[in-house]
file final.cif (mmCIF, C-alpha atoms)
data_input
loop_
_atom_site.group_PDB
_atom_site.id
_atom_site.type_symbol
_atom_site.label_atom_id
_atom_site.label_comp_id
_atom_site.auth_asym_id
_atom_site.auth_seq_id
_atom_site.Cartn_x
_atom_site.Cartn_y
_atom_site.Cartn_z
ATOM 1 C CA MET A 18 151.167 108.871 37.954
ATOM 2 C CA GLU A 19 151.291 111.684 35.408
ATOM 3 C CA ARG A 20 147.942 113.364 34.785
ATOM 4 C CA SER A 21 148.206 112.835 31.024
ATOM 5 C CA THR A 22 148.711 109.109 31.566
ATOM 6 C CA GLU A 23 145.681 108.977 33.845
ATOM 7 C CA ILE A 24 143.524 110.693 31.220
ATOM 8 C CA ALA A 25 144.754 108.464 28.406
ATOM 9 C CA ASP A 26 144.309 105.239 30.379
ATOM 10 C CA PHE A 27 140.802 106.145 31.531
ATOM 11 C CA LEU A 28 139.558 107.142 28.075
ATOM 12 C CA ARG A 29 141.157 104.118 26.420
ATOM 13 C CA SER A 30 139.641 101.779 28.983
ATOM 14 C CA ARG A 31 136.191 103.241 28.366
ATOM 15 C CA ARG A 32 136.286 103.168 24.574
ATOM 16 C CA ALA A 33 137.727 99.638 24.688
ATOM 17 C CA ALA A 34 134.634 98.547 26.625
ATOM 18 C CA ILE A 35 132.174 99.616 23.909
ATOM 19 C CA ALA A 36 131.673 97.532 20.776
ATOM 20 C CA PRO A 37 130.785 99.496 17.624
ATOM 21 C CA ASP A 38 127.323 97.912 17.446
ATOM 22 C CA GLN A 39 126.688 98.987 21.051
ATOM 23 C CA ALA A 40 127.400 102.553 19.948
ATOM 24 C CA GLY A 41 125.079 102.224 16.950
ATOM 25 C CA LEU A 42 127.900 102.268 14.404
ATOM 26 C CA PRO A 43 127.594 100.157 11.230
ATOM 27 C CA ALA A 44 130.281 97.625 10.399
ATOM 28 C CA ASP A 45 132.934 99.202 8.187
ATOM 29 C CA GLY A 46 134.879 96.098 7.218
ATOM 30 C CA ARG A 47 138.117 97.330 8.765
ATOM 31 C CA LYS A 48 140.054 94.839 10.873
ATOM 32 C CA ARG A 49 140.300 95.915 14.494
ATOM 33 C CA ARG A 50 143.600 95.367 16.233
ATOM 34 C CA VAL A 51 142.158 96.216 19.657
ATOM 35 C CA PRO A 52 138.634 95.819 21.047
ATOM 36 C CA GLY A 53 136.162 98.650 21.298
ATOM 37 C CA LEU A 54 135.899 101.987 19.574
ATOM 38 C CA ARG A 55 138.649 103.748 17.666
ATOM 39 C CA ARG A 56 139.544 107.349 18.377
ATOM 40 C CA ASP A 57 137.922 108.576 15.185
ATOM 41 C CA GLU A 58 134.688 106.767 16.079
ATOM 42 C CA VAL A 59 134.559 108.349 19.538
ATOM 43 C CA ALA A 60 135.238 111.728 17.954
ATOM 44 C CA ARG A 61 132.439 111.241 15.434
ATOM 45 C CA LEU A 62 129.984 110.158 18.127
ATOM 46 C CA ALA A 63 130.939 113.165 20.271
ATOM 47 C CA GLY A 64 130.781 115.637 17.387
ATOM 48 C CA VAL A 65 134.413 116.734 17.633
ATOM 49 C CA SER A 66 137.350 116.345 15.266
ATOM 50 C CA THR A 67 139.606 113.298 15.545
ATOM 51 C CA GLU A 68 142.562 115.639 16.056
ATOM 52 C CA TYR A 69 140.846 117.363 18.979
ATOM 53 C CA TYR A 70 139.816 114.073 20.591
ATOM 54 C CA THR A 71 143.378 112.782 20.217
ATOM 55 C CA ARG A 72 144.690 115.872 22.007
ATOM 56 C CA LEU A 73 142.082 115.309 24.738
ATOM 57 C CA GLU A 74 143.139 111.708 25.202
ATOM 58 C CA GLN A 75 146.755 112.808 25.393
ATOM 59 C CA GLY A 76 145.967 115.490 27.970
ATOM 60 C CA ARG A 77 146.932 118.335 25.593
ATOM 61 C CA ALA A 78 143.574 120.002 24.930
ATOM 62 C CA GLY A 79 143.313 122.360 27.891
ATOM 63 C CA ASN A 80 140.032 122.634 29.762
ATOM 64 C CA PRO A 81 137.184 121.302 27.602
ATOM 65 C CA SER A 82 133.777 122.909 27.922
ATOM 66 C CA ALA A 83 130.885 121.298 29.777
ATOM 67 C CA GLU A 84 129.245 120.668 26.406
ATOM 68 C CA VAL A 85 132.266 118.715 25.173
ATOM 69 C CA LEU A 86 132.396 116.713 28.411
ATOM 70 C CA ASP A 87 128.708 115.868 28.082
ATOM 71 C CA ALA A 88 129.213 114.810 24.465
ATOM 72 C CA LEU A 89 132.148 112.574 25.411
ATOM 73 C CA ALA A 90 130.143 111.076 28.275
ATOM 74 C CA ARG A 91 127.333 110.199 25.875
ATOM 75 C CA ALA A 92 129.708 108.784 23.263
ATOM 76 C CA LEU A 93 131.488 106.623 25.832
ATOM 77 C CA GLN A 94 128.246 105.770 27.664
ATOM 78 C CA LEU A 95 129.608 106.995 31.003
ATOM 79 C CA ASP A 96 127.465 106.971 34.125
ATOM 80 C CA ALA A 97 127.209 110.049 36.356
ATOM 81 C CA VAL A 98 130.194 109.093 38.532
ATOM 82 C CA GLU A 99 132.381 108.345 35.503
ATOM 83 C CA ARG A 100 131.345 111.688 33.971
ATOM 84 C CA GLU A 101 132.410 113.440 37.167
ATOM 85 C CA HIS A 102 135.718 111.557 37.167
ATOM 86 C CA LEU A 103 136.381 112.547 33.547
ATOM 87 C CA SER A 104 135.754 116.166 34.457
ATOM 88 C CA ASP A 105 138.187 115.868 37.384
ATOM 89 C CA LEU A 106 140.859 114.428 35.097
ATOM 90 C CA LEU A 107 140.442 116.959 32.299
ATOM 91 C CA THR A 108 140.208 120.067 34.476
ATOM 92 C CA ARG A 109 143.609 121.642 34.737
ATOM 93 C CA ARG A 110 144.615 122.791 38.183
ATOM 94 C CA ALA A 111 147.509 124.910 39.336
ATOM 95 C CA PRO A 112 150.372 122.703 40.588
ATOM 96 C CA VAL A 113 150.070 121.955 44.291
ATOM 97 C CA ARG A 114 152.838 120.676 46.534
ATOM 98 C CA ARG A 115 152.259 117.096 47.617
ATOM 99 C CA THR A 116 152.043 117.885 51.319
ATOM 100 C CA PRO A 117 150.018 115.930 53.889
ATOM 101 C CA ALA A 118 146.469 117.205 54.326
ATOM 102 C CA SER A 119 145.423 118.413 57.747
ATOM 103 C CA PRO A 120 143.787 115.717 59.915
ATOM 104 C CA GLN A 121 140.009 115.481 59.640
ATOM 105 C CA ARG A 122 137.963 116.008 62.781
ATOM 106 C CA VAL A 123 134.537 114.621 63.675
ATOM 107 C CA ARG A 124 132.374 117.068 65.586
ATOM 108 C CA SER A 125 131.027 116.056 68.973
ATOM 109 C CA GLY A 126 127.406 115.867 67.805
ATOM 110 C CA LEU A 127 128.312 113.149 65.311
ATOM 111 C CA TYR A 128 130.085 111.119 67.989
ATOM 112 C CA LEU A 129 126.942 111.344 70.088
ATOM 113 C CA MET A 130 124.801 110.204 67.163
ATOM 114 C CA LEU A 131 127.015 107.140 66.647
ATOM 115 C CA GLN A 132 126.536 106.152 70.263
ATOM 116 C CA THR A 133 122.783 106.687 69.954
ATOM 117 C CA LEU A 134 122.775 104.182 67.093
ATOM 118 C CA ASP A 135 123.866 101.483 69.538
ATOM 119 C CA HIS A 136 121.672 98.712 68.063
ATOM 120 C CA ILE A 137 123.320 98.701 64.593
ATOM 121 C CA PRO A 138 126.864 99.197 63.276
ATOM 122 C CA ALA A 139 127.634 102.762 62.188
ATOM 123 C CA PHE A 140 130.835 104.627 61.389
ATOM 124 C CA ILE A 141 132.160 107.756 59.670
ATOM 125 C CA LEU A 142 134.584 107.688 56.764
ATOM 126 C CA GLY A 143 136.770 110.556 55.632
ATOM 127 C CA ARG A 144 139.148 111.079 52.731
ATOM 128 C CA ARG A 145 140.811 107.958 51.316
ATOM 129 C CA THR A 146 138.238 105.800 53.239
ATOM 130 C CA ASP A 147 139.947 106.766 56.499
ATOM 131 C CA VAL A 148 137.845 105.568 59.435
ATOM 132 C CA LEU A 149 137.264 108.680 61.553
ATOM 133 C CA ALA A 150 134.807 107.330 64.143
ATOM 134 C CA THR A 151 132.939 104.108 64.940
ATOM 135 C CA ASN A 152 130.334 102.859 67.375
ATOM 136 C CA ARG A 153 130.711 99.688 69.429
ATOM 137 C CA LEU A 154 128.866 97.361 67.047
ATOM 138 C CA ALA A 155 130.879 98.592 64.067
ATOM 139 C CA ARG A 156 134.033 97.647 65.946
ATOM 140 C CA GLU A 157 132.545 94.240 66.786
ATOM 141 C CA VAL A 158 131.281 93.413 63.288
ATOM 142 C CA LEU A 159 134.224 94.782 61.251
ATOM 143 C CA THR A 160 137.360 95.230 63.314
ATOM 144 C CA ASP A 161 138.422 97.349 66.273
ATOM 145 C CA PHE A 162 139.691 100.418 64.466
ATOM 146 C CA ASP A 163 140.019 102.269 67.771
ATOM 147 C CA ALA A 164 142.732 99.812 68.818
ATOM 148 C CA MET A 165 144.846 100.782 65.801
ATOM 149 C CA PRO A 166 147.165 103.788 65.547
ATOM 150 C CA ALA A 167 145.185 106.714 64.165
ATOM 151 C CA THR A 168 147.239 106.735 60.951
ATOM 152 C CA ARG A 169 146.316 103.090 60.207
ATOM 153 C CA ARG A 170 142.535 103.365 60.565
ATOM 154 C CA ASN A 171 141.460 102.932 56.967
ATOM 155 C CA LEU A 172 138.667 100.833 55.468
ATOM 156 C CA ALA A 173 140.523 100.022 52.240
ATOM 157 C CA ARG A 174 143.589 98.913 54.187
ATOM 158 C CA TYR A 175 141.373 96.679 56.361
ATOM 159 C CA TYR A 176 139.535 95.070 53.435
ATOM 160 C CA LEU A 177 142.615 94.516 51.259
ATOM 161 C CA LEU A 178 145.431 93.863 53.732
ATOM 162 C CA ASP A 179 143.951 92.379 56.902
ATOM 163 C CA PRO A 180 144.154 88.563 56.530
ATOM 164 C CA ALA A 181 141.042 88.147 58.684
ATOM 165 C CA ALA A 182 138.972 90.329 56.325
ATOM 166 C CA ARG A 183 139.203 87.825 53.471
ATOM 167 C CA GLY A 184 137.382 85.274 55.569
ATOM 168 C CA GLN A 185 135.038 87.586 57.434
ATOM 169 C CA VAL A 186 133.804 89.780 54.560
ATOM 170 C CA GLY A 187 131.225 88.026 52.389
ATOM 171 C CA ASP A 188 131.866 88.270 48.631
ATOM 172 C CA TRP A 189 135.299 89.673 49.473
ATOM 173 C CA GLU A 190 136.452 90.184 45.876
ATOM 174 C CA ARG A 191 133.432 92.343 45.000
ATOM 175 C CA ILE A 192 133.720 94.471 48.130
ATOM 176 C CA ALA A 193 137.482 94.876 47.738
ATOM 177 C CA ALA A 194 137.197 95.814 44.044
ATOM 178 C CA GLU A 195 134.459 98.351 44.814
ATOM 179 C CA THR A 196 136.662 99.886 47.499
ATOM 180 C CA VAL A 197 139.507 100.268 44.987
ATOM 181 C CA ALA A 198 137.047 102.006 42.647
ATOM 182 C CA MET A 199 136.234 104.447 45.452
ATOM 183 C CA LEU A 200 139.936 105.227 45.821
ATOM 184 C CA ARG A 201 140.190 105.760 42.045
ATOM 185 C CA LEU A 202 137.458 108.389 42.236
ATOM 186 C CA GLU A 203 139.312 110.130 45.072
ATOM 187 C CA ALA A 204 142.576 110.059 43.144
ATOM 188 C CA GLY A 205 140.931 111.935 40.279
ATOM 189 C CA ARG A 206 139.491 114.534 42.626
ATOM 190 C CA HIS A 207 142.632 114.944 44.760
ATOM 191 C CA PRO A 208 145.636 114.246 42.499
ATOM 192 C CA ASN A 209 148.066 115.864 44.936
ATOM 193 C CA ASP A 210 147.016 113.930 48.045
ATOM 194 C CA ARG A 211 150.315 112.557 49.319
ATOM 195 C CA GLN A 212 148.647 110.263 51.874
ATOM 196 C CA LEU A 213 146.446 108.748 49.179
ATOM 197 C CA ALA A 214 149.502 108.162 46.992
ATOM 198 C CA ASP A 215 151.220 106.444 49.923
ATOM 199 C CA LEU A 216 148.145 104.267 50.520
ATOM 200 C CA VAL A 217 147.997 103.273 46.838
ATOM 201 C CA GLY A 218 151.698 102.388 46.960
ATOM 202 C CA GLU A 219 151.196 100.267 50.069
ATOM 203 C CA LEU A 220 148.234 98.425 48.549
ATOM 204 C CA THR A 221 150.136 97.901 45.287
ATOM 205 C CA LEU A 222 152.999 96.214 47.116
ATOM 206 C CA GLN A 223 150.990 94.148 49.592
ATOM 207 C CA CYS A 224 147.722 93.157 47.859
ATOM 208 C CA PRO A 225 148.209 90.892 44.800
ATOM 209 C CA GLU A 226 144.812 91.797 43.338
ATOM 210 C CA PHE A 227 145.093 95.555 43.755
ATOM 211 C CA THR A 228 147.021 96.427 40.589
ATOM 212 C CA GLY A 229 144.517 94.677 38.324
ATOM 213 C CA TRP A 230 141.568 96.461 39.914
ATOM 214 C CA TRP A 231 143.386 99.812 39.912
ATOM 215 C CA ASN A 232 144.244 99.477 36.229
ATOM 216 C CA ASP A 233 140.587 98.791 35.378
ATOM 217 C CA HIS A 234 139.993 102.523 36.018
ATOM 218 C CA ARG A 235 136.581 101.756 37.478
ATOM 219 C CA VAL A 236 135.198 104.559 39.656
ATOM 220 C CA LEU A 237 132.457 104.306 42.256
ATOM 221 C CA ARG A 238 130.722 106.404 44.862
ATOM 222 C CA ARG A 239 129.192 104.095 47.442
ATOM 223 C CA THR A 240 125.667 105.125 48.411
ATOM 224 C CA HIS A 241 123.776 101.975 49.372
ATOM 225 C CA GLY A 242 123.923 98.228 48.951
ATOM 226 C CA ALA A 243 124.232 94.927 50.779
ATOM 227 C CA LYS A 244 127.018 93.299 52.769
ATOM 228 C CA VAL A 245 127.500 90.042 54.622
ATOM 229 C CA TYR A 246 129.982 89.452 57.430
ATOM 230 C CA HIS A 247 130.941 86.048 58.811
ATOM 231 C CA HIS A 248 131.370 86.851 62.487
ATOM 232 C CA PRO A 249 133.394 84.293 64.491
ATOM 233 C CA VAL A 250 130.956 84.448 67.422
ATOM 234 C CA ALA A 251 127.588 85.619 66.046
ATOM 235 C CA GLY A 252 127.704 83.794 62.692
ATOM 236 C CA ASP A 253 126.536 85.240 59.377
ATOM 237 C CA LEU A 254 125.267 88.824 59.547
ATOM 238 C CA GLU A 255 123.405 90.302 56.563
ATOM 239 C CA PHE A 256 123.121 94.072 56.269
ATOM 240 C CA ALA A 257 121.628 96.665 53.945
ATOM 241 C CA TYR A 258 123.895 99.693 54.210
ATOM 242 C CA GLU A 259 123.172 103.362 53.538
ATOM 243 C CA SER A 260 125.796 106.085 53.159
ATOM 244 C CA PHE A 261 125.113 109.767 53.765
ATOM 245 C CA GLN A 262 127.240 112.837 53.214
ATOM 246 C CA VAL A 263 127.692 114.551 56.561
ATOM 247 C CA PRO A 264 126.008 117.991 56.605
ATOM 248 C CA GLY A 265 128.618 120.703 56.660
ATOM 249 C CA ASP A 266 131.497 118.477 55.486
ATOM 250 C CA ALA A 267 131.398 117.021 51.980
ATOM 251 C CA GLU A 268 134.457 114.874 52.727
ATOM 252 C CA GLN A 269 132.891 112.906 55.569
ATOM 253 C CA THR A 270 130.424 110.045 55.044
ATOM 254 C CA LEU A 271 128.156 108.442 57.620
ATOM 255 C CA CYS A 272 127.738 104.707 56.946
ATOM 256 C CA VAL A 273 124.868 102.871 58.657
ATOM 257 C CA TYR A 274 124.253 99.104 58.511
ATOM 258 C CA GLN A 275 120.542 98.323 58.677
ATOM 259 C CA VAL A 276 118.983 94.945 59.561
ATOM 260 C CA GLU A 277 115.567 93.498 58.776
ATOM 261 C CA PRO A 278 113.436 93.457 61.964
ATOM 262 C CA GLY A 279 112.786 89.915 63.163
ATOM 263 C CA SER A 280 115.463 88.464 60.870
ATOM 264 C CA PRO A 281 118.148 86.005 62.007
ATOM 265 C CA THR A 282 120.667 88.842 61.700
ATOM 266 C CA ALA A 283 118.607 91.031 64.029
ATOM 267 C CA ASP A 284 118.580 88.246 66.632
ATOM 268 C CA ARG A 285 122.295 87.552 66.239
ATOM 269 C CA LEU A 286 123.162 91.246 66.396
ATOM 270 C CA ARG A 287 121.152 91.631 69.586
ATOM 271 C CA LEU A 288 123.045 88.729 71.142
ATOM 272 C CA LEU A 289 126.354 90.191 69.956
ATOM 273 C CA ALA A 290 125.475 93.561 71.468
ATOM 274 C CA SER A 291 124.616 91.892 74.774
ATOM 275 C CA TRP A 292 127.695 89.677 74.733
ATOM 276 C CA SER A 293 130.065 92.587 74.027
ATOM 277 C CA ALA A 294 128.424 95.183 76.282
ATOM 278 C CA PRO A 295 130.790 96.773 78.826
ATOM 279 C CA GLN A 296 130.383 95.227 82.243
ATOM 280 C CA PRO A 297 129.316 97.564 85.071
ATOM 281 C CA ALA A 298 132.029 98.449 87.506
ATOM 282 C CA ALA A 299 132.034 96.417 90.701
ATOM 283 C CA ASP A 300 130.999 98.234 93.869
#

call {"tool": "encode", "arguments": {"input": "final.cif", "output": "structure tokens"}}
result
Amino acid sequence: MERSTEIADFLRSRRAAIAPDQAGLPADGRKRRVPGLRRDEVARLAGVSTEYYTRLEQGRAGNPSAEVLDALARALQLDAVEREHLSDLLTRRAPVRRTPASPQRVRSGLYLMLQTLDHIPAFILGRRTDVLATNRLAREVLTDFDAMPATRRNLARYYLLDPAARGQVGDWERIAAETVAMLRLEAGRHPNDRQLADLVGELTLQCPEFTGWWNDHRVLRRTHGAKVYHHPVAGDLEFAYESFQVPGDAEQTLCVYQVEPGSPTADRLRLLASWSAPQPAAD
């Protein structure tokens, strides 16, 4: 999608979400054809001219200053991730050929750490939610990414396209929509990522819900939260997950699923670990 279209759609979606009274604006008696704030109201709230804001929304204003970005973020009531996304969209970059990025590698120490965390699911995500490495329990609780071709190991593809995921992932619609929001954030940061564009195209064609979520222009950086999986053998598993940026590589994320000690999930996970443990070789 053209960068100017991305900018316009994001800004329109955000001003449409704010009612004038939410922005502290008095009623002016004018009939509103569309919900939310008008361009001139956003401009007034941000302290810029309507002409300048219009050029911004059309992607014709060059690189706005940090002060202007902060003012727009306040006017549109953006959170920190949305503010970062707006900056990504409005920062002009030199054209880059849409060539595949080099494969990401996980260093040996991180593989060892995943195996050390053998009592809970843990895995490492890369760009585009590519699954770069997993431990045994992650493969048991989610799906066996290691059994897939390397080019198909992707968390978004699993959540949105694997038929089993819809039944196994608790609150599937929320998790799937949040994953799309993560991809939206990546698309703003890496507009020339050919593999991401291919993934978005695949999801558009094969997931009926994807286009609606994509067009919401929601952006999200996953840091922590809760997930439930309905495992066919172990039953319901409830996790509190934490995500950490890998030291030395800002584009890799360590995801760890924690369980409450003494909880039913802890007992079920222990049984699952025992049931799925590799059998010792016969003498």

call {"tool": "axis_aligned_box", "arguments": {"input": "final.cif", "around": "stretch 124-127 of chain A", "padding_each_side": "5 Å", "output": "lines of an AutoDock Vina configuration file"}}
result
center_x = 129.9
center_y = 115.1
center_z = 67.1
size_x = 15.0
size_y = 13.9
size_z = 13.7

call {"tool": "closest_residue", "arguments": {"input": "final.cif", "among": "A:Gly229, A:Arg170, A:Asp179, A:Val245", "to": "A:Ile192", "atoms": "only C-alpha atoms"}}
result
A:Val245

call {"tool": "residues_near_point", "arguments": {"input": "final.cif", "point": "(140.3, 118.9, 32.6)", "cutoff": "9 Å", "atoms": "all atoms listed in the file", "output": "list in words"}}
result
Ile24, Leu73, Gly76, Ala78, Gly79, Asn80, Pro81, Ser82, Leu103, Ser104, Asp105, Leu106, Leu107, Thr108, Arg109 and Arg110 of chain A

call {"tool": "atom_distance", "arguments": {"input": "final.cif", "atom1": "atom CA of A:Glu190", "atom2": "atom CA of A:Glu19"}}
result
28.1 Å

call {"tool": "closest_residue", "arguments": {"input": "final.cif", "among": "A:Phe27, A:Tyr246, A:Phe256, A:Trp230", "to": "A:Ser280", "atoms": "all atoms listed in the file"}}
result
A:Phe256

call {"tool": "atom_distance", "arguments": {"input": "final.cif", "atom1": "atom CA of A:Gln269", "atom2": "atom CA of A:Thr146"}}
result
9.2 Å

call {"tool": "closest_residue", "arguments": {"input": "final.cif", "among": "A:Leu172, A:Val65, A:Ala257, A:Leu159", "to": "A:Gly184", "atoms": "all atoms listed in the file"}}
result
A:Leu159

call {"tool": "resolve_selection", "arguments": {"input": "final.cif", "expression": "the PyMOL selection byres ((chain A and resi 225-227) around 12)", "output": "JSON list (two decimals) with C-alpha atoms, in the coordinates of the input"}}
result
[["chain", "number", "residue", "atom", "x", "y", "z"],
["A", 173, "ALA", "CA", 140.52, 100.02, 52.24],
["A", 174, "ARG", "CA", 143.59, 98.91, 54.19],
["A", 176, "TYR", "CA", 139.54, 95.07, 53.44],
["A", 177, "LEU", "CA", 142.62, 94.52, 51.26],
["A", 178, "LEU", "CA", 145.43, 93.86, 53.73],
["A", 189, "TRP", "CA", 135.30, 89.67, 49.47],
["A", 190, "GLU", "CA", 136.45, 90.18, 45.88],
["A", 191, "ARG", "CA", 133.43, 92.34, 45.00],
["A", 193, "ALA", "CA", 137.48, 94.88, 47.74],
["A", 194, "ALA", "CA", 137.20, 95.81, 44.04],
["A", 195, "GLU", "CA", 134.46, 98.35, 44.81],
["A", 196, "THR", "CA", 136.66, 99.89, 47.50],
["A", 197, "VAL", "CA", 139.51, 100.27, 44.99],
["A", 198, "ALA", "CA", 137.05, 102.01, 42.65],
["A", 200, "LEU", "CA", 139.94, 105.23, 45.82],
["A", 201, "ARG", "CA", 140.19, 105.76, 42.04],
["A", 216, "LEU", "CA", 148.15, 104.27, 50.52],
["A", 217, "VAL", "CA", 148.00, 103.27, 46.84],
["A", 218, "GLY", "CA", 151.70, 102.39, 46.96],
["A", 219, "GLU", "CA", 151.20, 100.27, 50.07],
["A", 220, "LEU", "CA", 148.23, 98.42, 48.55],
["A", 221, "THR", "CA", 150.14, 97.90, 45.29],
["A", 222, "LEU", "CA", 153.00, 96.21, 47.12],
["A", 223, "GLN", "CA", 150.99, 94.15, 49.59],
["A", 224, "CYS", "CA", 147.72, 93.16, 47.86],
["A", 228, "THR", "CA", 147.02, 96.43, 40.59],
["A", 229, "GLY", "CA", 144.52, 94.68, 38.32],
["A", 230, "TRP", "CA", 141.57, 96.46, 39.91],
["A", 231, "TRP", "CA", 143.39, 99.81, 39.91],
["A", 232, "ASN", "CA", 144.24, 99.48, 36.23],
["A", 233, "ASP", "CA", 140.59, 98.79, 35.38],
["A", 234, "HIS", "CA", 139.99, 102.52, 36.02]]

call {"tool": "resolve_selection", "arguments": {"input": "final.cif", "expression": "the PyMOL selection byres ((chain A and resi 248) around 9)", "output": "list of chain:residue names"}}
result
A:Glu157, A:Val158, A:Leu159, A:Gln185, A:Val186, A:Tyr246, A:His247, A:Pro249, A:Val250, A:Ala251, A:Gly252, A:Asp253, A:Leu254

call {"tool": "atom_distance", "arguments": {"input": "final.cif", "atom1": "atom CA of A:Pro208", "atom2": "atom CA of A:Arg20"}}
result
8.1 Å

call {"tool": "residues_around", "arguments": {"input": "final.cif", "residues": "stretch 40-51 of chain A", "least_positions_apart": "6", "cutoff": "9 Å", "atoms": "all atoms listed in the file", "output": "list of chain:residue names"}}
result
A:Ala33, A:Glu58, A:Leu62, A:Ala92, A:Leu93, A:Gln94

call {"tool": "write_last_selection", "arguments": {"input": "final.cif", "atoms": "C-alpha atoms", "output": "PDB file, in the coordinates of the input"}}
result
ATOM      1  CA  ALA A  33     137.727  99.638  24.688  1.00  0.00           C
ATOM      2  CA  GLU A  58     134.688 106.767  16.079  1.00  0.00           C
ATOM      3  CA  LEU A  62     129.984 110.158  18.127  1.00  0.00           C
ATOM      4  CA  ALA A  92     129.708 108.784  23.263  1.00  0.00           C
ATOM      5  CA  LEU A  93     131.488 106.623  25.832  1.00  0.00           C
ATOM      6  CA  GLN A  94     128.246 105.770  27.664  1.00  0.00           C
TER       7      GLN A  94
END

call {"tool": "resolve_selection", "arguments": {"input": "final.cif", "expression": "the PyMOL selection byres ((chain A and resi 52) around 12)", "output": "NGL selection string"}}
result
:A and (29-37 or 48-51 or 53-56)

call {"tool": "closest_residue", "arguments": {"input": "final.cif", "among": "A:Ala167, A:Leu142, A:His241, A:Ala150", "to": "A:Gly126", "atoms": "only C-alpha atoms"}}
result
A:Ala150

call {"tool": "closest_residue", "arguments": {"input": "final.cif", "among": "A:Ser125, A:Thr151, A:Asn209, A:Thr160", "to": "A:Val273", "atoms": "only C-alpha atoms"}}
result
A:Thr151

call {"tool": "closest_residue", "arguments": {"input": "final.cif", "among": "A:Arg183, A:Arg238, A:Arg91, A:His207", "to": "A:Ala63", "atoms": "all atoms listed in the file"}}
result
A:Arg91

call {"tool": "residues_around", "arguments": {"input": "final.cif", "residues": "A:Gly64", "least_positions_apart": "2", "cutoff": "9 Å", "atoms": "all atoms listed in the file", "output": "PDB file with C-alpha atoms, in the coordinates of the input"}}
result
ATOM      1  CA  VAL A  59     134.559 108.349  19.538  1.00  0.00           C
ATOM      2  CA  ALA A  60     135.238 111.728  17.954  1.00  0.00           C
ATOM      3  CA  ARG A  61     132.439 111.241  15.434  1.00  0.00           C
ATOM      4  CA  LEU A  62     129.984 110.158  18.127  1.00  0.00           C
ATOM      5  CA  SER A  66     137.350 116.345  15.266  1.00  0.00           C
ATOM      6  CA  VAL A  85     132.266 118.715  25.173  1.00  0.00           C
ATOM      7  CA  ALA A  88     129.213 114.810  24.465  1.00  0.00           C
ATOM      8  CA  LEU A  89     132.148 112.574  25.411  1.00  0.00           C
TER       9      LEU A  89
END

call {"tool": "residues_near_point", "arguments": {"input": "final.cif", "point": "(128.8, 104.7, 63.8)", "cutoff": "12 Å", "atoms": "all atoms listed in the file", "output": "PyMOL selection string"}}
result
chain A and resi 123+126-142+148-159+162+258-261+270-275

call {"tool": "build_atoms", "arguments": {"input": "final.cif", "residues": "stretch 46-57 of chain A", "atoms": "N, CA and C atoms", "output": "PDB file, in the coordinates of the input"}}
result
ATOM      1  N   GLY A  46     134.013  97.051   7.900  1.00  0.00           N
ATOM      2  CA  GLY A  46     134.879  96.098   7.218  1.00  0.00           C
ATOM      3  C   GLY A  46     136.340  96.189   7.601  1.00  0.00           C
ATOM      4  N   ARG A  47     136.713  97.199   8.375  1.00  0.00           N
ATOM      5  CA  ARG A  47     138.117  97.330   8.765  1.00  0.00           C
ATOM      6  C   ARG A  47     138.446  96.361   9.903  1.00  0.00           C
ATOM      7  N   LYS A  48     139.618  95.753   9.819  1.00  0.00           N
ATOM      8  CA  LYS A  48     140.054  94.839  10.873  1.00  0.00           C
ATOM      9  C   LYS A  48     140.463  95.640  12.098  1.00  0.00           C
ATOM     10  N   ARG A  49     140.008  95.213  13.240  1.00  0.00           N
ATOM     11  CA  ARG A  49     140.300  95.915  14.494  1.00  0.00           C
ATOM     12  C   ARG A  49     141.422  95.194  15.233  1.00  0.00           C
ATOM     13  N   ARG A  50     142.471  95.950  15.507  1.00  0.00           N
ATOM     14  CA  ARG A  50     143.600  95.367  16.233  1.00  0.00           C
ATOM     15  C   ARG A  50     143.346  95.312  17.727  1.00  0.00           C
ATOM     16  N   VAL A  51     142.495  96.189  18.229  1.00  0.00           N
ATOM     17  CA  VAL A  51     142.158  96.216  19.657  1.00  0.00           C
ATOM     18  C   VAL A  51     140.637  96.272  19.785  1.00  0.00           C
ATOM     19  N   PRO A  52     140.091  95.792  20.895  1.00  0.00           N
ATOM     20  CA  PRO A  52     138.634  95.819  21.047  1.00  0.00           C
ATOM     21  C   PRO A  52     138.107  97.230  21.273  1.00  0.00           C
ATOM     22  N   GLY A  53     136.820  97.389  20.995  1.00  0.00           N
ATOM     23  CA  GLY A  53     136.162  98.650  21.298  1.00  0.00           C
ATOM     24  C   GLY A  53     136.209  99.654  20.165  1.00  0.00           C
ATOM     25  N   LEU A  54     135.966 100.895  20.551  1.00  0.00           N
ATOM     26  CA  LEU A  54     135.899 101.987  19.574  1.00  0.00           C
ATOM     27  C   LEU A  54     137.274 102.560  19.263  1.00  0.00           C
ATOM     28  N   ARG A  55     137.445 103.014  18.027  1.00  0.00           N
ATOM     29  CA  ARG A  55     138.649 103.748  17.666  1.00  0.00           C
ATOM     30  C   ARG A  55     138.483 105.220  18.056  1.00  0.00           C
ATOM     31  N   ARG A  56     139.597 105.924  18.046  1.00  0.00           N
ATOM     32  CA  ARG A  56     139.544 107.349  18.377  1.00  0.00           C
ATOM     33  C   ARG A  56     138.623 108.112  17.428  1.00  0.00           C
ATOM     34  N   ASP A  57     138.723 107.821  16.137  1.00  0.00           N
ATOM     35  CA  ASP A  57     137.922 108.576  15.185  1.00  0.00           C
ATOM     36  C   ASP A  57     136.429 108.299  15.372  1.00  0.00           C
TER      37      ASP A  57
END
